[in-house]
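Visitor: Okay, so here is start_26.cif, and as you'll see once you scroll down, it has mmCIF, C-alpha atoms; chains and numbers go by the auth columns.
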data_start
#
loop_
_atom_site.group_PDB
_atom_site.id
_atom_site.type_symbol
_atom_site.label_atom_id
_atom_site.label_comp_id
_atom_site.label_asym_id
_atom_site.label_seq_id
_atom_site.Cartn_x
_atom_site.Cartn_y
_atom_site.Cartn_z
_atom_site.B_iso_or_equiv
_atom_site.auth_seq_id
_atom_site.auth_asym_id
ATOM 1 C CA MET A 1 78.626 -6.139 37.089 0.00 29 K
ATOM 2 C CA THR A 2 76.872 -9.486 37.546 0.00 30 K
ATOM 3 C CA LYS A 3 73.932 -10.465 35.397 0.00 31 K
ATOM 4 C CA ARG A 4 71.604 -10.145 38.386 0.00 32 K
ATOM 5 C CA TYR A 5 72.513 -6.493 38.851 0.00 33 K
ATOM 6 C CA LEU A 6 72.340 -5.911 35.093 0.00 34 K
ATOM 7 C CA LEU A 7 68.822 -7.315 35.222 0.00 35 K
ATOM 8 C CA ALA A 8 68.007 -4.987 38.124 0.00 36 K
ATOM 9 C CA CYS A 9 69.307 -1.994 36.143 0.00 37 K
ATOM 10 C CA LEU A 10 67.157 -2.984 33.160 0.00 38 K
ATOM 11 C CA ALA A 11 64.116 -3.320 35.412 0.00 39 K
ATOM 12 C CA SER A 12 64.874 0.082 36.916 0.00 40 K
ATOM 13 C CA LEU A 13 65.123 1.614 33.444 0.00 41 K
ATOM 14 C CA GLY A 14 61.811 -0.006 32.549 0.00 42 K
ATOM 15 C CA PHE A 15 60.103 1.524 35.581 0.00 43 K
ATOM 16 C CA LEU A 16 61.710 4.873 34.749 0.00 44 K
ATOM 17 C CA ILE A 17 60.078 4.786 31.303 0.00 45 K
ATOM 18 C CA SER A 18 56.791 3.568 32.789 0.00 46 K
ATOM 19 C CA PHE A 19 56.511 6.349 35.347 0.00 47 K
ATOM 20 C CA GLY A 20 57.736 8.923 32.850 0.00 48 K
ATOM 21 C CA LEU A 21 54.795 7.890 30.674 0.00 49 K
ATOM 22 C CA ARG A 22 52.441 8.387 33.601 0.00 50 K
ATOM 23 C CA CYS A 23 53.726 11.891 34.358 0.00 51 K
ATOM 24 C CA SER A 24 53.632 13.139 30.776 0.00 52 K
ATOM 25 C CA MET A 25 49.836 13.126 30.495 0.00 53 K
ATOM 26 C CA GLY A 26 49.426 15.567 33.377 0.00 54 K
ATOM 27 C CA ILE A 27 51.918 17.966 31.772 0.00 55 K
ATOM 28 C CA ALA A 28 50.302 17.568 28.352 0.00 56 K
ATOM 29 C CA ILE A 29 46.787 18.403 29.572 0.00 57 K
ATOM 30 C CA VAL A 30 48.002 21.741 30.938 0.00 58 K
ATOM 31 C CA HIS A 31 49.349 22.695 27.507 0.00 59 K
ATOM 32 C CA MET A 32 46.337 21.260 25.677 0.00 60 K
ATOM 33 C CA ILE A 33 43.864 23.493 27.498 0.00 61 K
ATOM 34 C CA THR A 34 46.084 26.594 27.800 0.00 62 K
ATOM 35 C CA VAL A 35 44.888 29.647 25.861 0.00 63 K
ATOM 36 C CA LYS A 36 47.372 30.475 23.104 0.00 64 K
ATOM 37 C CA LYS A 37 48.243 33.977 21.952 0.00 65 K
ATOM 38 C CA ILE A 38 47.327 33.208 18.337 0.00 66 K
ATOM 39 C CA PRO A 39 44.506 32.231 18.170 0.00 67 K
ATOM 40 C CA ARG A 40 43.244 33.166 21.635 0.00 68 K
ATOM 41 C CA ILE A 41 41.405 29.891 22.209 0.00 69 K
ATOM 42 C CA PRO A 42 42.585 26.644 23.821 0.00 70 K
ATOM 43 C CA GLU A 43 43.296 23.714 21.536 0.00 71 K
ATOM 44 C CA PHE A 44 40.937 21.539 23.593 0.00 72 K
ATOM 45 C CA ASP A 45 37.931 22.868 25.459 0.00 73 K
ATOM 46 C CA TRP A 46 37.342 20.043 27.923 0.00 74 K
ATOM 47 C CA GLU A 47 35.408 20.115 31.167 0.00 75 K
ATOM 48 C CA TRP A 48 37.142 19.318 34.441 0.00 76 K
ATOM 49 C CA GLU A 49 35.172 16.080 34.778 0.00 77 K
ATOM 50 C CA THR A 50 36.529 14.885 31.422 0.00 78 K
ATOM 51 C CA MET A 51 40.104 15.671 32.435 0.00 79 K
ATOM 52 C CA ARG A 52 39.657 13.833 35.733 0.00 80 K
ATOM 53 C CA LEU A 53 38.462 10.765 33.850 0.00 81 K
ATOM 54 C CA ILE A 54 41.438 10.913 31.480 0.00 82 K
ATOM 55 C CA GLU A 55 43.827 10.900 34.435 0.00 83 K
ATOM 56 C CA THR A 56 41.948 8.504 36.712 0.00 84 K
ATOM 57 C CA LEU A 57 40.993 5.720 34.308 0.00 85 K
ATOM 58 C CA TYR A 58 44.649 4.997 33.571 0.00 86 K
ATOM 59 C CA PHE A 59 45.046 3.798 37.155 0.00 87 K
ATOM 60 C CA ILE A 60 41.778 1.881 37.002 0.00 88 K
ATOM 61 C CA GLY A 61 43.316 -0.021 34.089 0.00 89 K
ATOM 62 C CA CYS A 62 46.421 -0.697 36.209 0.00 90 K
ATOM 63 C CA LEU A 63 44.220 -2.065 38.980 0.00 91 K
ATOM 64 C CA ILE A 64 42.381 -4.381 36.591 0.00 92 K
ATOM 65 C CA SER A 65 45.531 -6.070 35.277 0.00 93 K
ATOM 66 C CA GLN A 66 47.463 -6.564 38.544 0.00 94 K
ATOM 67 C CA ILE A 67 46.229 -10.081 39.375 0.00 95 K
ATOM 68 C CA PRO A 68 46.050 -11.318 35.751 0.00 96 K
ATOM 69 C CA GLY A 69 49.562 -9.949 35.269 0.00 97 K
ATOM 70 C CA GLY A 70 50.786 -12.107 38.136 0.00 98 K
ATOM 71 C CA PHE A 71 49.256 -15.215 36.587 0.00 99 K
ATOM 72 C CA LEU A 72 50.760 -14.399 33.179 0.00 100 K
ATOM 73 C CA ALA A 73 54.208 -13.833 34.691 0.00 101 K
ATOM 74 C CA ALA A 74 53.971 -17.165 36.515 0.00 102 K
ATOM 75 C CA ARG A 75 52.796 -18.981 33.380 0.00 103 K
ATOM 76 C CA TYR A 76 55.180 -17.430 30.848 0.00 104 K
ATOM 77 C CA LYS A 77 58.598 -15.776 30.995 0.00 105 K
ATOM 78 C CA ALA A 78 58.361 -12.868 33.413 0.00 106 K
ATOM 79 C CA ASN A 79 60.903 -10.709 31.563 0.00 107 K
ATOM 80 C CA ILE A 80 58.849 -11.038 28.362 0.00 108 K
ATOM 81 C CA ILE A 81 55.681 -9.996 30.222 0.00 109 K
ATOM 82 C CA PHE A 82 57.553 -7.067 31.791 0.00 110 K
ATOM 83 C CA GLY A 83 59.014 -5.808 28.512 0.00 111 K
ATOM 84 C CA THR A 84 55.809 -6.370 26.574 0.00 112 K
ATOM 85 C CA GLY A 85 53.777 -4.455 29.173 0.00 113 K
ATOM 86 C CA ILE A 86 56.020 -1.425 28.952 0.00 114 K
ATOM 87 C CA GLY A 87 56.183 -1.788 25.160 0.00 115 K
ATOM 88 C CA ALA A 88 52.420 -1.845 24.749 0.00 116 K
ATOM 89 C CA THR A 89 52.097 1.178 27.043 0.00 117 K
ATOM 90 C CA ALA A 90 54.666 3.115 24.988 0.00 118 K
ATOM 91 C CA ILE A 91 53.061 2.188 21.662 0.00 119 K
ATOM 92 C CA LEU A 92 49.644 3.307 22.913 0.00 120 K
ATOM 93 C CA HIS A 93 51.344 6.502 24.129 0.00 121 K
ATOM 94 C CA PHE A 94 52.234 7.212 20.499 0.00 122 K
ATOM 95 C CA PHE A 95 48.527 7.330 19.599 0.00 123 K
ATOM 96 C CA VAL A 96 47.489 9.681 22.421 0.00 124 K
ATOM 97 C CA PRO A 97 47.731 12.897 20.297 0.00 125 K
ATOM 98 C CA THR A 98 45.636 11.348 17.536 0.00 126 K
ATOM 99 C CA ALA A 99 43.087 10.001 20.023 0.00 127 K
ATOM 100 C CA ALA A 100 42.836 13.405 21.711 0.00 128 K
ATOM 101 C CA ARG A 101 42.041 15.086 18.386 0.00 129 K
ATOM 102 C CA LEU A 102 39.400 12.452 17.617 0.00 130 K
ATOM 103 C CA GLY A 103 37.635 13.206 20.888 0.00 131 K
ATOM 104 C CA PRO A 104 37.834 12.649 24.641 0.00 132 K
ATOM 105 C CA GLN A 105 36.065 9.285 24.366 0.00 133 K
ATOM 106 C CA CYS A 106 38.846 7.894 22.149 0.00 134 K
ATOM 107 C CA LEU A 107 41.487 9.265 24.505 0.00 135 K
ATOM 108 C CA ILE A 108 39.792 7.692 27.524 0.00 136 K
ATOM 109 C CA ILE A 109 39.787 4.285 25.781 0.00 137 K
ATOM 110 C CA VAL A 110 43.502 4.608 24.976 0.00 138 K
ATOM 111 C CA ARG A 111 44.264 5.591 28.562 0.00 139 K
ATOM 112 C CA ILE A 112 42.411 2.570 29.950 0.00 140 K
ATOM 113 C CA LEU A 113 44.322 0.271 27.587 0.00 141 K
ATOM 114 C CA GLN A 114 47.580 1.918 28.644 0.00 142 K
ATOM 115 C CA GLY A 115 46.781 1.266 32.282 0.00 143 K
ATOM 116 C CA ILE A 116 45.952 -2.378 31.609 0.00 144 K
ATOM 117 C CA ALA A 117 49.262 -2.840 29.763 0.00 145 K
ATOM 118 C CA ASP A 118 51.276 -1.033 32.436 0.00 146 K
ATOM 119 C CA GLY A 119 49.627 -2.885 35.314 0.00 147 K
ATOM 120 C CA VAL A 120 51.432 -6.160 34.559 0.00 148 K
ATOM 121 C CA THR A 121 54.897 -4.687 35.164 0.00 149 K
ATOM 122 C CA PHE A 122 54.953 -4.834 38.974 0.00 150 K
ATOM 123 C CA PRO A 123 53.788 -8.476 39.312 0.00 151 K
ATOM 124 C CA ALA A 124 56.155 -9.477 36.499 0.00 152 K
ATOM 125 C CA SER A 125 59.037 -7.770 38.315 0.00 153 K
ATOM 126 C CA HIS A 126 58.312 -9.711 41.506 0.00 154 K
ATOM 127 C CA GLU A 127 58.180 -12.957 39.542 0.00 155 K
ATOM 128 C CA ILE A 128 61.629 -12.189 38.123 0.00 156 K
ATOM 129 C CA TRP A 129 63.146 -11.736 41.598 0.00 157 K
ATOM 130 C CA LYS A 130 61.417 -14.873 42.826 0.00 158 K
ATOM 131 C CA TRP A 131 63.990 -16.810 40.796 0.00 159 K
ATOM 132 C CA TRP A 132 66.872 -14.397 40.295 0.00 160 K
ATOM 133 C CA ALA A 133 67.429 -12.850 43.735 0.00 161 K
ATOM 134 C CA PRO A 134 69.511 -14.859 46.245 0.00 162 K
ATOM 135 C CA PRO A 135 68.448 -14.125 49.842 0.00 163 K
ATOM 136 C CA LEU A 136 71.575 -12.095 50.652 0.00 164 K
ATOM 137 C CA ASP A 137 71.165 -9.874 47.571 0.00 165 K
ATOM 138 C CA ARG A 138 67.383 -9.659 47.486 0.00 166 K
ATOM 139 C CA THR A 139 66.994 -6.304 49.252 0.00 167 K
ATOM 140 C CA GLN A 140 69.594 -4.571 47.092 0.00 168 K
ATOM 141 C CA LEU A 141 68.253 -6.012 43.827 0.00 169 K
ATOM 142 C CA VAL A 142 64.593 -5.196 44.499 0.00 170 K
ATOM 143 C CA THR A 143 65.466 -1.701 45.756 0.00 171 K
ATOM 144 C CA LEU A 144 67.608 -0.991 42.695 0.00 172 K
ATOM 145 C CA ALA A 145 64.836 -2.171 40.385 0.00 173 K
ATOM 146 C CA LEU A 146 62.028 -0.214 42.049 0.00 174 K
ATOM 147 C CA CYS A 147 63.976 3.037 42.459 0.00 175 K
ATOM 148 C CA GLY A 148 63.417 3.584 38.739 0.00 176 K
ATOM 149 C CA SER A 149 59.775 4.358 39.483 0.00 177 K
ATOM 150 C CA ILE A 150 60.722 7.312 41.697 0.00 178 K
ATOM 151 C CA LEU A 151 63.402 8.442 39.266 0.00 179 K
ATOM 152 C CA GLY A 152 60.884 8.264 36.433 0.00 180 K
ATOM 153 C CA ALA A 153 58.615 10.756 38.177 0.00 181 K
ATOM 154 C CA VAL A 154 61.546 13.036 39.069 0.00 182 K
ATOM 155 C CA VAL A 155 63.056 12.999 35.575 0.00 183 K
ATOM 156 C CA GLY A 156 59.906 12.536 33.494 0.00 184 K
ATOM 157 C CA THR A 157 58.122 15.676 34.698 0.00 185 K
ATOM 158 C CA PRO A 158 60.801 18.254 33.737 0.00 186 K
ATOM 159 C CA VAL A 159 61.651 16.393 30.511 0.00 187 K
ATOM 160 C CA SER A 160 57.993 16.400 29.478 0.00 188 K
ATOM 161 C CA GLU A 161 57.700 20.103 30.256 0.00 189 K
ATOM 162 C CA TRP A 162 60.878 20.863 28.307 0.00 190 K
ATOM 163 C CA LEU A 163 59.604 18.940 25.268 0.00 191 K
ATOM 164 C CA ALA A 164 56.180 20.596 25.451 0.00 192 K
ATOM 165 C CA GLU A 165 57.683 24.075 25.618 0.00 193 K
ATOM 166 C CA GLY A 166 60.222 23.499 22.861 0.00 194 K
ATOM 167 C CA GLN A 167 58.511 21.148 20.415 0.00 195 K
ATOM 168 C CA GLY A 168 54.834 21.221 21.362 0.00 196 K
ATOM 169 C CA TRP A 169 52.907 18.901 23.644 0.00 197 K
ATOM 170 C CA PRO A 170 52.728 15.932 21.176 0.00 198 K
ATOM 171 C CA ALA A 171 56.545 15.658 21.227 0.00 199 K
ATOM 172 C CA MET A 172 56.614 14.070 24.675 0.00 200 K
ATOM 173 C CA PHE A 173 54.458 11.175 23.494 0.00 201 K
ATOM 174 C CA TYR A 174 56.750 10.407 20.548 0.00 202 K
ATOM 175 C CA PHE A 175 59.860 10.712 22.751 0.00 203 K
ATOM 176 C CA TYR A 176 58.868 7.820 25.017 0.00 204 K
ATOM 177 C CA VAL A 177 58.181 5.517 22.071 0.00 205 K
ATOM 178 C CA ARG A 178 61.751 6.101 20.879 0.00 206 K
ATOM 179 C CA SER A 179 63.172 5.550 24.365 0.00 207 K
ATOM 180 C CA HIS A 180 61.326 2.247 24.617 0.00 208 K
ATOM 181 C CA ALA A 181 62.639 1.064 21.243 0.00 209 K
ATOM 182 C CA ASP A 182 66.191 1.402 22.597 0.00 210 K
ATOM 183 C CA TYR A 183 65.193 -0.458 25.764 0.00 211 K
ATOM 184 C CA LEU A 184 63.176 -3.408 24.452 0.00 212 K
ATOM 185 C CA ALA A 185 65.974 -5.522 22.933 0.00 213 K
ATOM 186 C CA PRO A 186 68.110 -6.008 26.074 0.00 214 K
ATOM 187 C CA CYS A 187 65.024 -6.366 28.267 0.00 215 K
ATOM 188 C CA ASN A 188 63.653 -9.312 26.315 0.00 216 K
ATOM 189 C CA SER A 189 66.984 -11.062 25.895 0.00 217 K
ATOM 190 C CA THR A 190 67.747 -14.328 27.684 0.00 218 K
ATOM 191 C CA LEU A 191 70.225 -13.783 30.509 0.00 219 K
ATOM 192 C CA ARG A 192 72.374 -16.670 31.658 0.00 220 K
ATOM 193 C CA CYS A 193 74.665 -16.300 34.634 0.00 221 K
ATOM 194 C CA ARG A 194 77.217 -18.905 35.704 0.00 222 K
ATOM 195 C CA ASN A 195 77.138 -17.692 39.308 0.00 223 K
ATOM 196 C CA HIS A 196 73.340 -17.884 39.318 0.00 224 K
ATOM 197 C CA GLU A 197 73.456 -21.474 38.092 0.00 225 K
ATOM 198 C CA MET A 198 75.947 -22.207 40.891 0.00 226 K
ATOM 199 C CA TYR A 199 73.535 -20.668 43.415 0.00 227 K
ATOM 200 C CA CYS A 200 70.770 -22.896 42.047 0.00 228 K
ATOM 201 C CA SER A 201 72.889 -26.021 42.292 0.00 229 K
ATOM 202 C CA GLU A 202 73.769 -25.193 45.913 0.00 230 K
ATOM 203 C CA GLY A 203 70.145 -24.504 46.828 0.00 231 K
ATOM 204 C CA VAL A 204 70.700 -20.817 47.620 0.00 232 K
ATOM 205 C CA CYS A 205 67.998 -19.888 45.113 0.00 233 K
ATOM 206 C CA GLN A 206 65.742 -21.804 42.762 0.00 234 K
ATOM 207 C CA CYS A 207 65.919 -22.146 39.014 0.00 235 K
ATOM 208 C CA PRO A 208 62.697 -21.508 37.084 0.00 236 K
ATOM 209 C CA PRO A 209 60.939 -24.800 36.382 0.00 237 K
ATOM 210 C CA ASN A 210 59.108 -25.619 33.186 0.00 238 K
ATOM 211 C CA LYS A 211 56.129 -23.316 33.160 0.00 239 K
ATOM 212 C CA ALA A 212 52.841 -25.011 33.943 0.00 240 K
ATOM 213 C CA PRO A 213 49.320 -23.669 34.359 0.00 241 K
ATOM 214 C CA VAL A 214 48.938 -21.929 37.705 0.00 242 K
ATOM 215 C CA MET A 215 45.904 -22.901 39.785 0.00 243 K
ATOM 216 C CA LEU A 216 44.988 -20.673 42.695 0.00 244 K
ATOM 217 C CA ARG A 217 43.401 -22.640 45.571 0.00 245 K
ATOM 218 C CA TRP A 218 41.083 -20.081 47.173 0.00 246 K
ATOM 219 C CA ASP A 219 39.800 -22.658 49.645 0.00 247 K
ATOM 220 C CA LEU A 220 43.298 -23.182 51.064 0.00 248 K
ATOM 221 C CA HIS A 221 43.862 -19.424 51.269 0.00 249 K
ATOM 222 C CA CYS A 222 40.605 -18.961 53.174 0.00 250 K
ATOM 223 C CA ARG A 223 41.534 -21.682 55.665 0.00 251 K
ATOM 224 C CA GLY A 224 45.011 -20.172 56.155 0.00 252 K
ATOM 225 C CA GLU A 225 46.803 -23.258 54.861 0.00 253 K
ATOM 226 C CA ILE A 226 48.881 -21.255 52.327 0.00 254 K
#
Please lay out the structure from this file as structure tokens.

Guide:
Amino acid sequence: MTKRYLLACLASLGFLISFGLRCSMGIAIVHMITVKKIPRIPEFDWEWETMRLIETLYFIGCLISQIPGGFLAARYKANIIFGTGIGATAILHFFVPTAARLGPQCLIIVRILQGIADGVTFPASHEIWKWWAPPLDRTQLVTLALCGSILGAVVGTPVSEWLAEGQGWPAMFYFYVRSHADYLAPCNSTLRCRNHEMYCSEGVCQCPPNKAPVMLRWDLHCRGEI
């Protein structure tokens, strides 16, 4: 396997963890508000409006960090931004049970921060393929990387339900922190590929230049010159 495809597999695994994190909250809320046999009261007595906010504000956070995430990935190493975004999301996931017990306001704040951290992953992924994907391999590499998002939803939902049924709903939040710890080291490593350097020398794809501040020229965009 070439380093480019190894990088695509790591990106796919990162998206799998990311979307598994997203799915787990919906499963957890069902168990958090379910009436138990002993005692016959739910652990959390939240209104529907509160639960909608808990779910929705995560994606508001993702929306907020999309454009800044693109600038950060262009300014710094995109793989570091990608791994750090997923890492911060997983670490905040660890504190969700504690935040929920402190109150819905604390949980909403944690969810917004999770969304902001997770929102940088997609622009960082595109910045990676800007430099690492030769034109003939670009479709396969991007598809392989992004299929992890679908797989994360498919796998994350039953795994979260299985953990909630067997170990209690907080278990799913601790599980993803452990899975990220195993993922972070290879994701943030520096990959060097002899074939990729050959592609760069032949002009098939470009090597990343020294990072410089990125200035967005809105006037040129408005005039259609970019």

Visitor: I would like the residues chosen by the PyMOL selection byres ((chain K and resi 186) around 12) on the shown file; could you give them as a PyMOL selection string?

Guide: chain K and resi 48+51-52+54-56+179-185+187-193+200

Visitor: List the residues selected by the PyMOL selection byres ((chain K and resi 152) around 6) in the file shown, writing them as an NGL selection string.

Guide: :K and (101 or 106 or 110 or 149-151 or 153-155)

Visitor: Could you expand the PyMOL selection byres ((chain K and resi 144) around 6) into the explicit residues it covers here, written as a PyMOL selection string?

Guide: chain K and resi 89-90+93+141-143+145-147

Visitor: Restricting the calculation to all atoms listed in the file, which member of K:Arg103, K:Arg50, K:Arg166, K:Arg129 is positioned closest to Trp74 (chain K)?

Guide: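 The answer is K:Arg129, which sits nearest to Trp74 (chain K).
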
Visitor: Would you work out the distance separating CA of Leu130 (chain K) from CA of Gln195 (chain K), expressed in Å to one decimal?

Guide: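 Going from CA of Leu130 (chain K) over to CA of Gln195 (chain K), I get 21.2 Å.
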
Visitor: Report, in Å to a single decimal, how far apart CA of Ile114 (chain K) and CA of Phe203 (chain K) are.

Guide: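 Distance between the two atoms: 14.2 Å.
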
Visitor: Once 8 Å is added on each side, what are the centre and the three edge lengths, in Å to one decimal, of the axis-aligned box enclosing the listed atoms of region 120-135 of chain K? Present them as JSON.

Guide:
{"center_x": 44.1, "center_y": 9.2, "center_z": 21.1, "size_x": 32.2, "size_y": 27.8, "size_z": 23.1}

Visitor: For a quick check of understanding, using all atoms listed in the file, which of K:Ile140, K:Ser40, K:Lys31, K:Ala199 has the smallest distance to Gly111 (chain K)?

Guide: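 Of all the options, K:Ser40 lies closest to Gly111 (chain K).
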
Visitor: State, in Å with one decimal place, the distance from CA of Ser177 (chain K) to CA of Leu44 (chain K).

Guide: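 Atom-to-atom, CA of Ser177 (chain K) to CA of Leu44 (chain K), that is 5.1 Å.
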
Visitor: Taking only C-alpha atoms into account, which of K:Pro132, K:Gly98, K:Pro125, K:Pro163 comes nearest Phe201 (chain K)?

Guide: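 Smallest separation from Phe201 (chain K) among the options: K:Pro125.
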
Visitor: Which of these residues is nearest to Lys105 (chain K), using only C-alpha atoms: K:Ala173, K:Ile156, K:Phe123, K:Leu81?

Guide: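 Result for the nearest residue to Lys105 (chain K): K:Ile156.
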
Visitor: When distances are computed from all atoms listed in the file, which of K:Ala39, K:Leu174, K:Val148, K:Met53 shows the smallest separation from Phe99 (chain K)?

Guide: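 Under the stated criterion, the closest residue is K:Val148.
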
Visitor: Check the smallest atom-to-atom distance from each of K:Met79, K:Ile108, K:Leu164, K:Leu172 to Arg139 (chain K) using all atoms listed in the file, then report the winner.

Guide: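 Of the candidates, the smallest distance to Arg139 (chain K) is held by K:Met79.
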
Visitor: Could you rebuild region 173-184 of chain K with N, CA, C and O atoms and give it back as a compact mmCIF listing (two decimals), in the coordinates of the input?

Guide:
# COMPACT_ATOMS: atom_id res chain seq x y z
N ALA K 173 65.83 -2.08 41.46
CA ALA K 173 64.84 -2.17 40.38
C ALA K 173 63.70 -1.17 40.58
O ALA K 173 63.30 -0.47 39.65
N LEU K 174 63.20 -1.06 41.80
CA LEU K 174 62.03 -0.21 42.05
C LEU K 174 62.36 1.27 42.15
O LEU K 174 61.47 2.10 42.03
N CYS K 175 63.64 1.61 42.37
CA CYS K 175 63.98 3.04 42.46
C CYS K 175 63.77 3.74 41.13
O CYS K 175 63.66 4.97 41.08
N GLY K 176 63.70 2.97 40.04
CA GLY K 176 63.42 3.58 38.74
C GLY K 176 62.05 4.24 38.68
O GLY K 176 61.86 5.21 37.94
N SER K 177 61.11 3.75 39.48
CA SER K 177 59.78 4.36 39.48
C SER K 177 59.82 5.77 40.04
O SER K 177 59.19 6.70 39.51
N ILE K 178 60.58 5.97 41.13
CA ILE K 178 60.72 7.31 41.70
C ILE K 178 61.51 8.21 40.75
O ILE K 178 61.15 9.37 40.51
N LEU K 179 62.59 7.66 40.19
CA LEU K 179 63.40 8.44 39.27
C LEU K 179 62.61 8.83 38.02
O LEU K 179 62.82 9.91 37.46
N GLY K 180 61.70 7.95 37.60
CA GLY K 180 60.88 8.26 36.43
C GLY K 180 60.00 9.48 36.65
O GLY K 180 59.84 10.32 35.76
N ALA K 181 59.44 9.58 37.86
CA ALA K 181 58.62 10.76 38.18
C ALA K 181 59.47 12.02 38.29
O ALA K 181 59.08 13.10 37.83
N VAL K 182 60.67 11.88 38.88
CA VAL K 182 61.55 13.04 39.07
C VAL K 182 62.08 13.54 37.73
O VAL K 182 62.14 14.75 37.48
N VAL K 183 62.48 12.61 36.86
CA VAL K 183 63.06 13.00 35.58
C VAL K 183 61.98 13.26 34.53
O VAL K 183 62.08 14.19 33.73
N GLY K 184 60.92 12.44 34.54
CA GLY K 184 59.91 12.54 33.49
C GLY K 184 59.16 13.84 33.48
O GLY K 184 58.82 14.37 32.40
